[in-house]
$ cat model00.cif   # mmCIF, C-alpha atoms
data_upload
loop_
_atom_site.label_atom_id
_atom_site.label_comp_id
_atom_site.auth_asym_id
_atom_site.auth_seq_id
_atom_site.Cartn_x
_atom_site.Cartn_y
_atom_site.Cartn_z
CA MET A 401 0.00 0.00 0.00
CA LYS A 402 1.20 3.51 -0.75
CA THR A 403 -0.05 5.45 2.25
CA GLU A 404 0.90 9.05 2.80
CA ASN A 405 1.01 9.22 6.59
CA THR A 406 0.49 12.92 7.16
CA SER A 407 -0.61 14.33 10.49
CA LYS A 408 -3.93 15.27 8.86
CA THR A 409 -4.46 11.68 7.68
CA ALA A 410 -3.77 10.32 11.16
CA SER A 411 -6.03 12.94 12.78
CA HIS A 412 -8.93 12.13 10.45
CA ALA A 413 -8.50 8.39 11.07
CA LYS A 414 -8.57 8.97 14.83
CA HIS A 415 -11.71 11.10 14.49
CA LEU A 416 -13.51 8.18 12.82
CA ALA A 417 -12.14 5.70 15.37
CA ASN A 418 -13.68 7.81 18.14
CA ALA A 419 -17.10 6.57 16.99
CA TRP A 420 -16.19 3.14 18.39
CA SER A 421 -14.65 4.38 21.61
CA ASN A 422 -17.65 6.64 22.26
CA GLY A 423 -20.26 4.18 20.97
CA GLU A 424 -21.92 6.75 18.70
CA GLY A 425 -21.44 8.40 15.34
CA VAL A 426 -19.17 11.39 14.87
CA GLN A 427 -19.33 14.57 12.80
CA PRO A 428 -18.68 14.15 9.07
CA LEU A 429 -15.03 14.65 8.20
CA THR A 430 -16.09 17.02 5.45
CA THR A 431 -17.52 19.45 8.03
CA LEU A 432 -14.13 19.52 9.75
CA ASP A 433 -12.19 19.57 6.49
CA PRO A 434 -14.41 20.90 3.67
CA ASP A 435 -11.59 20.57 1.12
CA LEU A 436 -10.98 16.86 1.80
CA SER A 437 -10.29 15.26 -1.59
CA ILE A 438 -11.24 11.73 -2.58
CA ASP A 439 -7.58 10.76 -2.82
CA GLU A 440 -6.97 12.12 0.70
CA ALA A 441 -10.02 10.20 1.90
CA TYR A 442 -8.56 6.95 0.51
CA GLN A 443 -5.33 7.75 2.37
CA VAL A 444 -7.35 7.98 5.60
CA GLN A 445 -8.91 4.58 4.83
CA LEU A 446 -5.51 3.01 4.09
CA HIS A 447 -4.05 4.49 7.28
CA THR A 448 -6.78 2.82 9.34
CA ILE A 449 -6.38 -0.51 7.55
CA GLU A 450 -2.61 -0.48 8.03
CA GLU A 451 -3.13 0.15 11.75
CA ASN A 452 -5.57 -2.78 11.94
CA VAL A 453 -3.11 -5.06 10.16
CA GLU A 454 -0.30 -3.97 12.49
CA ASN A 455 -2.61 -4.94 15.38
CA GLY A 456 -3.00 -8.48 14.06
CA GLN A 457 -6.00 -8.35 11.74
CA LYS A 458 -5.79 -9.87 8.26
CA ILE A 459 -7.13 -8.47 4.99
CA THR A 460 -9.59 -11.02 3.57
CA GLY A 461 -10.78 -9.07 0.55
CA LYS A 462 -12.47 -5.90 -0.65
CA LYS A 463 -15.96 -4.49 -1.02
CA ILE A 464 -17.27 -2.31 -3.82
CA GLY A 465 -19.85 0.35 -3.05
CA LEU A 466 -21.95 2.82 -5.02
CA THR A 467 -22.47 0.42 -7.91
CA SER A 468 -26.05 1.53 -8.58
CA LYS A 469 -26.84 4.65 -10.58
CA ALA A 470 -29.30 5.75 -7.89
CA MET A 471 -26.58 5.78 -5.21
CA GLN A 472 -24.08 7.48 -7.52
CA ASP A 473 -26.63 10.17 -8.35
CA MET A 474 -27.41 10.66 -4.67
CA LEU A 475 -23.76 11.40 -3.87
CA GLY A 476 -23.10 13.18 -7.15
CA VAL A 477 -20.42 10.79 -8.43
CA GLY A 478 -19.80 8.85 -11.62
CA GLU A 479 -17.97 5.79 -10.33
CA PRO A 480 -18.09 3.33 -7.43
CA ASP A 481 -15.91 3.35 -4.32
CA TYR A 482 -14.23 0.57 -2.38
CA GLY A 483 -13.27 -0.58 1.09
CA HIS A 484 -11.24 -3.35 2.71
CA LEU A 485 -12.56 -6.52 4.34
CA LEU A 486 -10.81 -7.85 7.45
CA ASP A 487 -11.00 -11.26 9.10
CA GLN A 488 -12.74 -9.80 12.17
CA MET A 489 -15.55 -8.54 9.94
CA GLU A 490 -16.72 -11.99 8.80
CA VAL A 491 -19.81 -13.47 10.47
CA GLU A 492 -20.74 -17.12 9.90
CA ASN A 493 -23.85 -17.89 7.88
CA GLY A 494 -26.81 -17.98 10.27
CA GLY A 495 -24.79 -16.24 12.97
CA SER A 496 -25.81 -13.45 15.32
CA ILE A 497 -24.48 -9.91 15.58
CA SER A 498 -24.57 -8.05 18.87
CA PHE A 499 -25.63 -4.41 18.61
CA LYS A 500 -22.49 -3.66 20.62
CA GLN A 501 -20.57 -4.53 17.42
CA VAL A 502 -22.40 -2.00 15.26
CA LEU A 503 -23.55 1.62 15.27
CA GLN A 504 -26.30 2.09 12.66
CA PRO A 505 -26.32 -1.04 10.50
CA LYS A 506 -28.04 -1.65 7.19
CA VAL A 507 -28.03 -4.93 5.27
CA GLU A 508 -27.48 -5.46 1.55
CA GLY A 509 -27.61 -8.60 -0.59
CA GLU A 510 -24.64 -9.06 -2.92
CA LEU A 511 -22.70 -11.55 -5.01
CA ALA A 512 -19.27 -12.38 -3.63
CA PHE A 513 -16.42 -13.43 -5.92
CA ILE A 514 -13.76 -15.74 -4.47
CA LEU A 515 -10.59 -15.34 -6.49
CA LYS A 516 -8.25 -18.18 -7.52
CA GLU A 517 -5.71 -15.89 -9.22
CA ASP A 518 -4.35 -12.42 -8.54
CA LEU A 519 -5.83 -9.51 -10.48
CA VAL A 520 -3.31 -6.76 -11.14
CA GLY A 521 -4.47 -3.46 -12.67
CA PRO A 522 -4.50 -1.14 -14.49
CA ASN A 523 -5.72 -3.04 -17.58
CA VAL A 524 -7.98 -5.71 -16.08
CA THR A 525 -11.00 -6.64 -18.22
CA THR A 526 -14.27 -8.34 -17.35
CA LEU A 527 -12.95 -11.48 -19.06
CA ASP A 528 -9.86 -11.37 -16.82
CA VAL A 529 -12.16 -11.30 -13.78
CA LEU A 530 -14.12 -14.33 -14.96
CA GLN A 531 -10.92 -16.27 -15.58
CA ALA A 532 -9.47 -15.30 -12.17
CA THR A 533 -12.62 -16.21 -10.20
CA ASP A 534 -12.93 -19.59 -8.53
CA VAL A 535 -16.56 -19.42 -7.35
CA VAL A 536 -19.36 -16.97 -6.63
CA VAL A 537 -21.41 -17.16 -3.44
CA PRO A 538 -24.35 -15.21 -2.03
CA ALA A 539 -23.43 -12.65 0.58
CA LEU A 540 -24.89 -10.15 3.00
CA GLU A 541 -22.96 -6.99 3.64
CA ILE A 542 -23.74 -5.16 6.86
CA VAL A 543 -22.88 -1.59 5.97
CA ASP A 544 -22.32 0.72 8.90
CA SER A 545 -21.23 4.32 9.20
CA ARG A 546 -19.07 5.96 11.80
CA ILE A 547 -20.68 9.23 10.63
CA LYS A 548 -23.67 10.20 12.73
CA ASP A 549 -27.06 9.68 11.04
CA TRP A 550 -25.41 8.63 7.76
CA LYS A 551 -24.85 12.30 6.84
CA ILE A 552 -22.17 11.34 4.35
CA THR A 553 -20.57 12.71 1.22
CA LEU A 554 -18.41 10.54 -1.03
CA ALA A 555 -15.24 11.65 0.78
CA ASP A 556 -16.78 10.74 4.14
CA THR A 557 -17.73 7.22 3.13
CA VAL A 558 -14.40 6.59 1.37
CA ALA A 559 -12.42 7.66 4.45
CA ASP A 560 -14.70 5.44 6.55
CA ASN A 561 -13.65 2.29 4.62
CA ALA A 562 -16.62 2.69 2.26
CA SER A 563 -18.99 2.38 5.24
CA SER A 564 -17.95 -1.25 5.71
CA GLY A 565 -19.20 -3.06 8.78
CA LEU A 566 -19.44 -6.86 8.64
CA TYR A 567 -20.17 -9.50 6.02
CA VAL A 568 -21.68 -12.97 5.76
CA LEU A 569 -21.02 -15.60 3.07
CA GLY A 570 -23.51 -18.41 2.54
CA GLY A 571 -25.43 -20.50 0.08
CA ARG A 572 -23.92 -22.93 -2.38
CA PRO A 573 -20.67 -21.87 -4.07
CA LYS A 574 -20.85 -22.20 -7.85
CA LYS A 575 -18.21 -22.00 -10.52
CA ILE A 576 -18.69 -18.71 -12.31
CA SER A 577 -18.87 -20.57 -15.63
CA ASP A 578 -21.97 -22.43 -14.40
CA VAL A 579 -24.14 -19.36 -13.74
CA ASP A 580 -25.14 -16.18 -15.54
CA ILE A 581 -24.21 -13.66 -12.86
CA LYS A 582 -26.00 -10.83 -14.66
CA GLN A 583 -29.30 -12.72 -14.50
CA ILE A 584 -29.16 -14.13 -10.96
CA GLY A 585 -32.23 -12.92 -9.06
CA MET A 586 -32.24 -12.10 -5.35
CA ALA A 587 -34.93 -11.40 -2.74
CA LEU A 588 -33.97 -9.71 0.54
CA TYR A 589 -36.09 -10.57 3.60
CA LYS A 590 -36.48 -9.04 7.04
CA ASN A 591 -38.33 -11.15 9.61
CA ASP A 592 -39.80 -13.31 6.81
CA GLU A 593 -41.16 -10.35 4.83
CA VAL A 594 -39.72 -9.47 1.43
CA GLN A 595 -38.14 -6.01 1.60
CA ASN A 596 -36.91 -5.73 -1.98
CA THR A 597 -35.58 -7.73 -4.91
CA GLY A 598 -32.71 -7.35 -7.29
CA VAL A 599 -30.72 -8.98 -10.06
CA GLY A 600 -27.01 -9.28 -10.82
CA ALA A 601 -27.17 -6.68 -13.55
CA ALA A 602 -28.11 -4.06 -10.91
CA ALA A 603 -24.38 -3.76 -10.16
CA LEU A 604 -23.06 -1.63 -13.07
CA GLY A 605 -24.85 -3.97 -15.51
CA ASP A 606 -22.46 -6.82 -14.62
CA PRO A 607 -20.92 -7.64 -11.22
CA ALA A 608 -17.71 -8.78 -12.96
CA LYS A 609 -17.39 -5.28 -14.43
CA CYS A 610 -17.40 -3.95 -10.85
CA VAL A 611 -14.52 -6.25 -9.91
CA ALA A 612 -12.55 -5.17 -12.99
CA TRP A 613 -13.11 -1.52 -12.04
CA LEU A 614 -11.83 -2.29 -8.55
CA ALA A 615 -8.65 -4.02 -9.74
CA ASN A 616 -7.86 -1.07 -11.99
CA LYS A 617 -8.66 1.53 -9.33
CA LEU A 618 -6.46 -0.22 -6.76
CA ALA A 619 -3.49 -0.10 -9.12
CA THR A 620 -3.37 3.65 -8.35
CA TYR A 621 -2.53 2.78 -4.75
CA GLY A 622 -0.16 -0.09 -5.49
CA ILE A 623 -2.70 -2.68 -4.28
CA THR A 624 -3.40 -6.03 -5.97
CA LEU A 625 -6.45 -8.28 -5.63
CA LYS A 626 -5.02 -11.58 -4.43
CA ALA A 627 -5.98 -15.23 -4.94
CA GLY A 628 -8.23 -16.36 -2.10
CA GLU A 629 -9.66 -12.92 -1.46
CA VAL A 630 -13.40 -12.27 -1.14
CA ILE A 631 -14.73 -9.47 -3.34
CA LEU A 632 -18.19 -8.14 -2.50
CA SER A 633 -19.27 -6.83 -5.89
CA GLY A 634 -22.01 -4.37 -4.93
CA ALA A 635 -25.57 -4.27 -3.65
CA LEU A 636 -28.28 -5.74 -5.88
CA SER A 637 -31.03 -3.70 -4.18
CA ALA A 638 -31.52 -1.03 -1.54
CA ALA A 639 -30.04 -1.47 1.93
CA VAL A 640 -32.46 -2.45 4.72
CA GLU A 641 -32.09 -1.06 8.24
CA ALA A 642 -31.54 -3.60 11.02
CA GLU A 643 -32.67 -3.36 14.66
CA PRO A 644 -32.10 -5.69 17.62
CA GLY A 645 -34.24 -8.81 17.22
CA ASP A 646 -34.27 -8.67 13.42
CA HIS A 647 -33.48 -11.67 11.24
CA LEU A 648 -32.37 -10.75 7.72
CA TYR A 649 -31.67 -13.11 4.88
CA ALA A 650 -31.38 -13.20 1.13
CA LYS A 651 -32.45 -15.92 -1.30
CA PHE A 652 -30.51 -16.16 -4.55
CA ALA A 653 -31.60 -18.12 -7.61
CA GLU A 654 -29.27 -21.13 -8.06
CA LEU A 655 -26.99 -20.04 -5.21
CA GLY A 656 -29.12 -20.61 -2.12
CA GLU A 657 -29.55 -18.47 1.01
CA VAL A 658 -27.51 -16.42 3.43
CA HIS A 659 -28.78 -15.46 6.92
CA VAL A 660 -27.90 -13.24 9.87
CA SER A 661 -29.64 -12.13 13.08
CA PHE A 662 -29.19 -9.11 15.34
CA GLU A 663 -29.24 -9.14 19.14
CA GLU A 664 -29.20 -6.50 21.89
#
$ encode --input "model00.cif" --output "structure tokens"
Amino acid sequence: MKTENTSKTASHAKHLANAWSNGEGVQPLTTLDPDLSIDEAYQVQLHTIEENVENGQKITGKKIGLTSKAMQDMLGVGEPDYGHLLDQMEVENGGSISFKQVLQPKVEGELAFILKEDLVGPNVTTLDVLQATDVVVPALEIVDSRIKDWKITLADTVADNASSGLYVLGGRPKKISDVDIKQIGMALYKNDEVQNTGVGAAALGDPAKCVAWLANKLATYGITLKAGEVILSGALSAAVEAEPGDHLYAKFAELGEVHVSFEE
């Protein structure tokens, strides 16, 4: 990783970390630093990830956010963003999440790519992604924001590890050659009631295109997608808020189900 460890970067990272120590969201970084650029925001993210790795956590993959046009329009951007996944963020399928682990969680249904080969930008194509992928599995991403009340701009969410929280992998892994990822349908449930539905093509028209974008974007920061990593390729429908006592799950055509519950 090419991190520029300036005092401003470290200060912004500490500001976001205060959300955990205080147990509540903090002011948006962009209110403290209105000129915060997207590149500076990624440096804040990388600073935090490097600290976590130094403290013994392991990078297990990446997540791609803002893959729907609606979300891009809402934040006034023309491309997705990304965050890092760490081993302490993974929850087993059917597991429970304590509300002490989260601040203001929302749940999204996504397709996860498990890589069998490295993907090194900047010239990665969709075909390269398909060839480098071992299997796809259904996933739930629990997005969470350290920014109070989700009052985020693009720079805020980027600095905050793309609002990453936790993730769950489930279902039946399938070789990517055995499914049409653009046509896979998904229904997202909360307490046995359908909240919304989506299809693979909701993520930039093709989830593999999202992964190619990510590999090429990461090249800017000297980062490679590695064999064995999990890549969450983007939400297939709107995020659903979670409260203590809720059980959320997604059903994917051909790929099965993935479940998680929330406790006090």
$ resolve_selection --input "model00.cif" --expression "the PyMOL selection byres ((chain A and resi 558) around 8)" --output "PDB file with C-alpha atoms, in the frame of the given file"
ATOM      1  CA  ILE A 438     -11.240  11.730  -2.580  1.00  0.00           C
ATOM      2  CA  ALA A 441     -10.020  10.200   1.900  1.00  0.00           C
ATOM      3  CA  TYR A 442      -8.560   6.950   0.510  1.00  0.00           C
ATOM      4  CA  GLN A 445      -8.910   4.580   4.830  1.00  0.00           C
ATOM      5  CA  ASP A 481     -15.910   3.350  -4.320  1.00  0.00           C
ATOM      6  CA  TYR A 482     -14.230   0.570  -2.380  1.00  0.00           C
ATOM      7  CA  GLY A 483     -13.270  -0.580   1.090  1.00  0.00           C
ATOM      8  CA  LEU A 554     -18.410  10.540  -1.030  1.00  0.00           C
ATOM      9  CA  ALA A 555     -15.240  11.650   0.780  1.00  0.00           C
ATOM     10  CA  ASP A 556     -16.780  10.740   4.140  1.00  0.00           C
ATOM     11  CA  THR A 557     -17.730   7.220   3.130  1.00  0.00           C
ATOM     12  CA  ALA A 559     -12.420   7.660   4.450  1.00  0.00           C
ATOM     13  CA  ASP A 560     -14.700   5.440   6.550  1.00  0.00           C
ATOM     14  CA  ASN A 561     -13.650   2.290   4.620  1.00  0.00           C
ATOM     15  CA  ALA A 562     -16.620   2.690   2.260  1.00  0.00           C
ATOM     16  CA  SER A 563     -18.990   2.380   5.240  1.00  0.00           C
TER      17      SER A 563
END
$ atom_distance --input "model00.cif" --atom1 "CA of Leu503 in chain A" --atom2 "CA of Gly478 in chain A"
28.1 Å
$ resolve_selection --input "model00.cif" --expression "the PyMOL selection byres ((chain A and resi 479) around 9)" --output "list in words"
Leu466, Thr467, Lys469, Gln472, Val477, Gly478, Pro480, Asp481 and Trp613 of chain A
$ closest_residue --input "model00.cif" --among "A:Leu416, A:Ile459, A:Ala470, A:Val502" --to "Leu566 in chain A" --atoms "all atoms listed in the file"
A:Val502
$ closest_atom_pairs --input "model00.cif" --of "range 492-545 of chain A" --to "range 614-629 of chain A" --cutoff "9 Å" --atoms "only C-alpha atoms" --output "JSON lines"
{"residue": "A:Phe513", "atom": "CA", "partner": "A:Glu629", "partner_atom": "CA", "distance": 8.1}
{"residue": "A:Ile514", "atom": "CA", "partner": "A:Glu629", "partner_atom": "CA", "distance": 5.8}
{"residue": "A:Leu515", "atom": "CA", "partner": "A:Ala627", "partner_atom": "CA", "distance": 4.9}
{"residue": "A:Lys516", "atom": "CA", "partner": "A:Ala627", "partner_atom": "CA", "distance": 4.5}
{"residue": "A:Glu517", "atom": "CA", "partner": "A:Ala627", "partner_atom": "CA", "distance": 4.3}
{"residue": "A:Asp518", "atom": "CA", "partner": "A:Lys626", "partner_atom": "CA", "distance": 4.2}
{"residue": "A:Leu519", "atom": "CA", "partner": "A:Leu625", "partner_atom": "CA", "distance": 5.0}
{"residue": "A:Val520", "atom": "CA", "partner": "A:Thr624", "partner_atom": "CA", "distance": 5.2}
{"residue": "A:Gly521", "atom": "CA", "partner": "A:Asn616", "partner_atom": "CA", "distance": 4.2}
{"residue": "A:Pro522", "atom": "CA", "partner": "A:Asn616", "partner_atom": "CA", "distance": 4.2}
{"residue": "A:Asn523", "atom": "CA", "partner": "A:Asn616", "partner_atom": "CA", "distance": 6.3}
{"residue": "A:Val524", "atom": "CA", "partner": "A:Asn616", "partner_atom": "CA", "distance": 6.2}
{"residue": "A:Thr525", "atom": "CA", "partner": "A:Asn616", "partner_atom": "CA", "distance": 8.9}
{"residue": "A:Ala532", "atom": "CA", "partner": "A:Ala627", "partner_atom": "CA", "distance": 8.0}
{"residue": "A:Thr533", "atom": "CA", "partner": "A:Ala627", "partner_atom": "CA", "distance": 8.5}
{"residue": "A:Asp534", "atom": "CA", "partner": "A:Gly628", "partner_atom": "CA", "distance": 8.6}
$ resolve_selection --input "model00.cif" --expression "the PyMOL selection byres ((chain A and resi 425) around 9)" --output "PyMOL selection string"
chain A and resi 416+418-420+422-424+426-428+503-504+545-550
$ residues_around --input "model00.cif" --residues "Asp592 in chain A" --least-positions-apart "4" --cutoff "9 Å" --atoms "only C-alpha atoms" --output "PDB file with C-alpha atoms, in the coordinates of the input"
ATOM      1  CA  HIS A 647     -33.480 -11.670  11.240  1.00  0.00           C
ATOM      2  CA  LEU A 648     -32.370 -10.750   7.720  1.00  0.00           C
ATOM      3  CA  TYR A 649     -31.670 -13.110   4.880  1.00  0.00           C
TER       4      TYR A 649
END
$ closest_atom_pairs --input "model00.cif" --of "range 482-597 of chain A" --to "range 631-645 of chain A" --cutoff "9 Å" --atoms "all atoms listed in the file" --output "JSON lines"
{"residue": "A:Leu485", "atom": "CA", "partner": "A:Ile631", "partner_atom": "CA", "distance": 8.5}
{"residue": "A:Ile497", "atom": "CA", "partner": "A:Pro644", "partner_atom": "CA", "distance": 8.9}
{"residue": "A:Ser498", "atom": "CA", "partner": "A:Pro644", "partner_atom": "CA", "distance": 8.0}
{"residue": "A:Phe499", "atom": "CA", "partner": "A:Pro644", "partner_atom": "CA", "distance": 6.7}
{"residue": "A:Gln504", "atom": "CA", "partner": "A:Ala642", "partner_atom": "CA", "distance": 7.9}
{"residue": "A:Pro505", "atom": "CA", "partner": "A:Ala642", "partner_atom": "CA", "distance": 5.8}
{"residue": "A:Lys506", "atom": "CA", "partner": "A:Glu641", "partner_atom": "CA", "distance": 4.2}
{"residue": "A:Val507", "atom": "CA", "partner": "A:Val640", "partner_atom": "CA", "distance": 5.1}
{"residue": "A:Glu508", "atom": "CA", "partner": "A:Ala639", "partner_atom": "CA", "distance": 4.8}
{"residue": "A:Gly509", "atom": "CA", "partner": "A:Ala635", "partner_atom": "CA", "distance": 5.7}
{"residue": "A:Glu510", "atom": "CA", "partner": "A:Ala635", "partner_atom": "CA", "distance": 4.9}
{"residue": "A:Leu511", "atom": "CA", "partner": "A:Ser633", "partner_atom": "CA", "distance": 5.9}
{"residue": "A:Ala512", "atom": "CA", "partner": "A:Leu632", "partner_atom": "CA", "distance": 4.5}
{"residue": "A:Phe513", "atom": "CA", "partner": "A:Ile631", "partner_atom": "CA", "distance": 5.0}
{"residue": "A:Ile514", "atom": "CA", "partner": "A:Ile631", "partner_atom": "CA", "distance": 6.4}
{"residue": "A:Leu515", "atom": "CA", "partner": "A:Ile631", "partner_atom": "CA", "distance": 7.8}
{"residue": "A:Ala539", "atom": "CA", "partner": "A:Leu632", "partner_atom": "CA", "distance": 7.6}
{"residue": "A:Leu540", "atom": "CA", "partner": "A:Leu632", "partner_atom": "CA", "distance": 8.9}
{"residue": "A:Glu541", "atom": "CA", "partner": "A:Leu632", "partner_atom": "CA", "distance": 7.9}
{"residue": "A:Ile542", "atom": "CA", "partner": "A:Ala639", "partner_atom": "CA", "distance": 8.8}
{"residue": "A:Val543", "atom": "CA", "partner": "A:Ala639", "partner_atom": "CA", "distance": 8.2}
{"residue": "A:Tyr567", "atom": "CA", "partner": "A:Leu632", "partner_atom": "CA", "distance": 8.9}
{"residue": "A:Gly585", "atom": "CA", "partner": "A:Leu636", "partner_atom": "CA", "distance": 8.8}
{"residue": "A:Met586", "atom": "CA", "partner": "A:Leu636", "partner_atom": "CA", "distance": 7.5}
{"residue": "A:Ala587", "atom": "CA", "partner": "A:Ser637", "partner_atom": "CA", "distance": 8.8}
{"residue": "A:Leu588", "atom": "CA", "partner": "A:Ser637", "partner_atom": "CA", "distance": 8.2}
{"residue": "A:Tyr589", "atom": "CA", "partner": "A:Val640", "partner_atom": "CA", "distance": 9.0}
{"residue": "A:Lys590", "atom": "CA", "partner": "A:Val640", "partner_atom": "CA", "distance": 8.1}
{"residue": "A:Asn591", "atom": "CA", "partner": "A:Gly645", "partner_atom": "CA", "distance": 9.0}
{"residue": "A:Gln595", "atom": "CA", "partner": "A:Val640", "partner_atom": "CA", "distance": 7.4}
{"residue": "A:Asn596", "atom": "CA", "partner": "A:Ser637", "partner_atom": "CA", "distance": 6.6}
{"residue": "A:Thr597", "atom": "CA", "partner": "A:Ser637", "partner_atom": "CA", "distance": 6.1}
$ atom_distance --input "model00.cif" --atom1 "CA of Gln583 in chain A" --atom2 "CA of Val599 in chain A"
6.0 Å
$ closest_residue --input "model00.cif" --among "A:Leu486, A:Val611, A:Ala603, A:Ala417" --to "Val444 in chain A" --atoms "all atoms listed in the file"
A:Ala417
$ atom_distance --input "model00.cif" --atom1 "CA of Glu657 in chain A" --atom2 "CA of Glu492 in chain A"
12.6 Å
$ closest_residue --input "model00.cif" --among "A:His484, A:Thr526, A:Ala601, A:Lys651" --to "Ile464 in chain A" --atoms "all atoms listed in the file"
A:His484
$ closest_residue --input "model00.cif" --among "A:Ile584, A:Leu432, A:Val658, A:Leu475" --to "Gly494 in chain A" --atoms "only C-alpha atoms"
A:Val658
$ decode --input "model00.cif" --residues "range 408-420 of chain A" --atoms "N, CA and C atoms" --output "short mmCIF file (atom, residue, chain, number, x, y, z; two decimals), in the first residue's frame"
data_model
loop_
_atom_site.label_atom_id
_atom_site.label_comp_id
_atom_site.auth_asym_id
_atom_site.auth_seq_id
_atom_site.Cartn_x
_atom_site.Cartn_y
_atom_site.Cartn_z
N LYS A 408 -2.51 15.10 9.14
CA LYS A 408 -3.93 15.27 8.86
C LYS A 408 -4.60 13.91 8.64
N THR A 409 -3.93 13.02 7.91
CA THR A 409 -4.46 11.68 7.68
C THR A 409 -4.68 10.97 9.00
N ALA A 410 -3.68 11.00 9.86
CA ALA A 410 -3.77 10.32 11.16
C ALA A 410 -4.87 10.93 12.02
N SER A 411 -5.00 12.25 11.98
CA SER A 411 -6.03 12.94 12.78
C SER A 411 -7.42 12.56 12.31
N HIS A 412 -7.61 12.50 10.99
CA HIS A 412 -8.93 12.13 10.45
C HIS A 412 -9.27 10.68 10.80
N ALA A 413 -8.27 9.80 10.73
CA ALA A 413 -8.50 8.39 11.07
C ALA A 413 -8.90 8.26 12.54
N LYS A 414 -8.25 9.02 13.39
CA LYS A 414 -8.57 8.97 14.83
C LYS A 414 -9.98 9.51 15.09
N HIS A 415 -10.36 10.53 14.35
CA HIS A 415 -11.71 11.10 14.49
C HIS A 415 -12.76 10.02 14.22
N LEU A 416 -12.56 9.25 13.14
CA LEU A 416 -13.51 8.18 12.82
C LEU A 416 -13.48 7.07 13.87
N ALA A 417 -12.27 6.76 14.36
CA ALA A 417 -12.14 5.70 15.37
C ALA A 417 -12.85 6.08 16.67
N ASN A 418 -12.99 7.36 16.91
CA ASN A 418 -13.68 7.81 18.14
C ASN A 418 -15.13 7.35 18.19
N ALA A 419 -15.71 7.07 17.01
CA ALA A 419 -17.10 6.57 16.99
C ALA A 419 -17.20 5.28 17.77
N TRP A 420 -16.18 4.42 17.67
CA TRP A 420 -16.19 3.14 18.39
C TRP A 420 -15.94 3.36 19.87
#
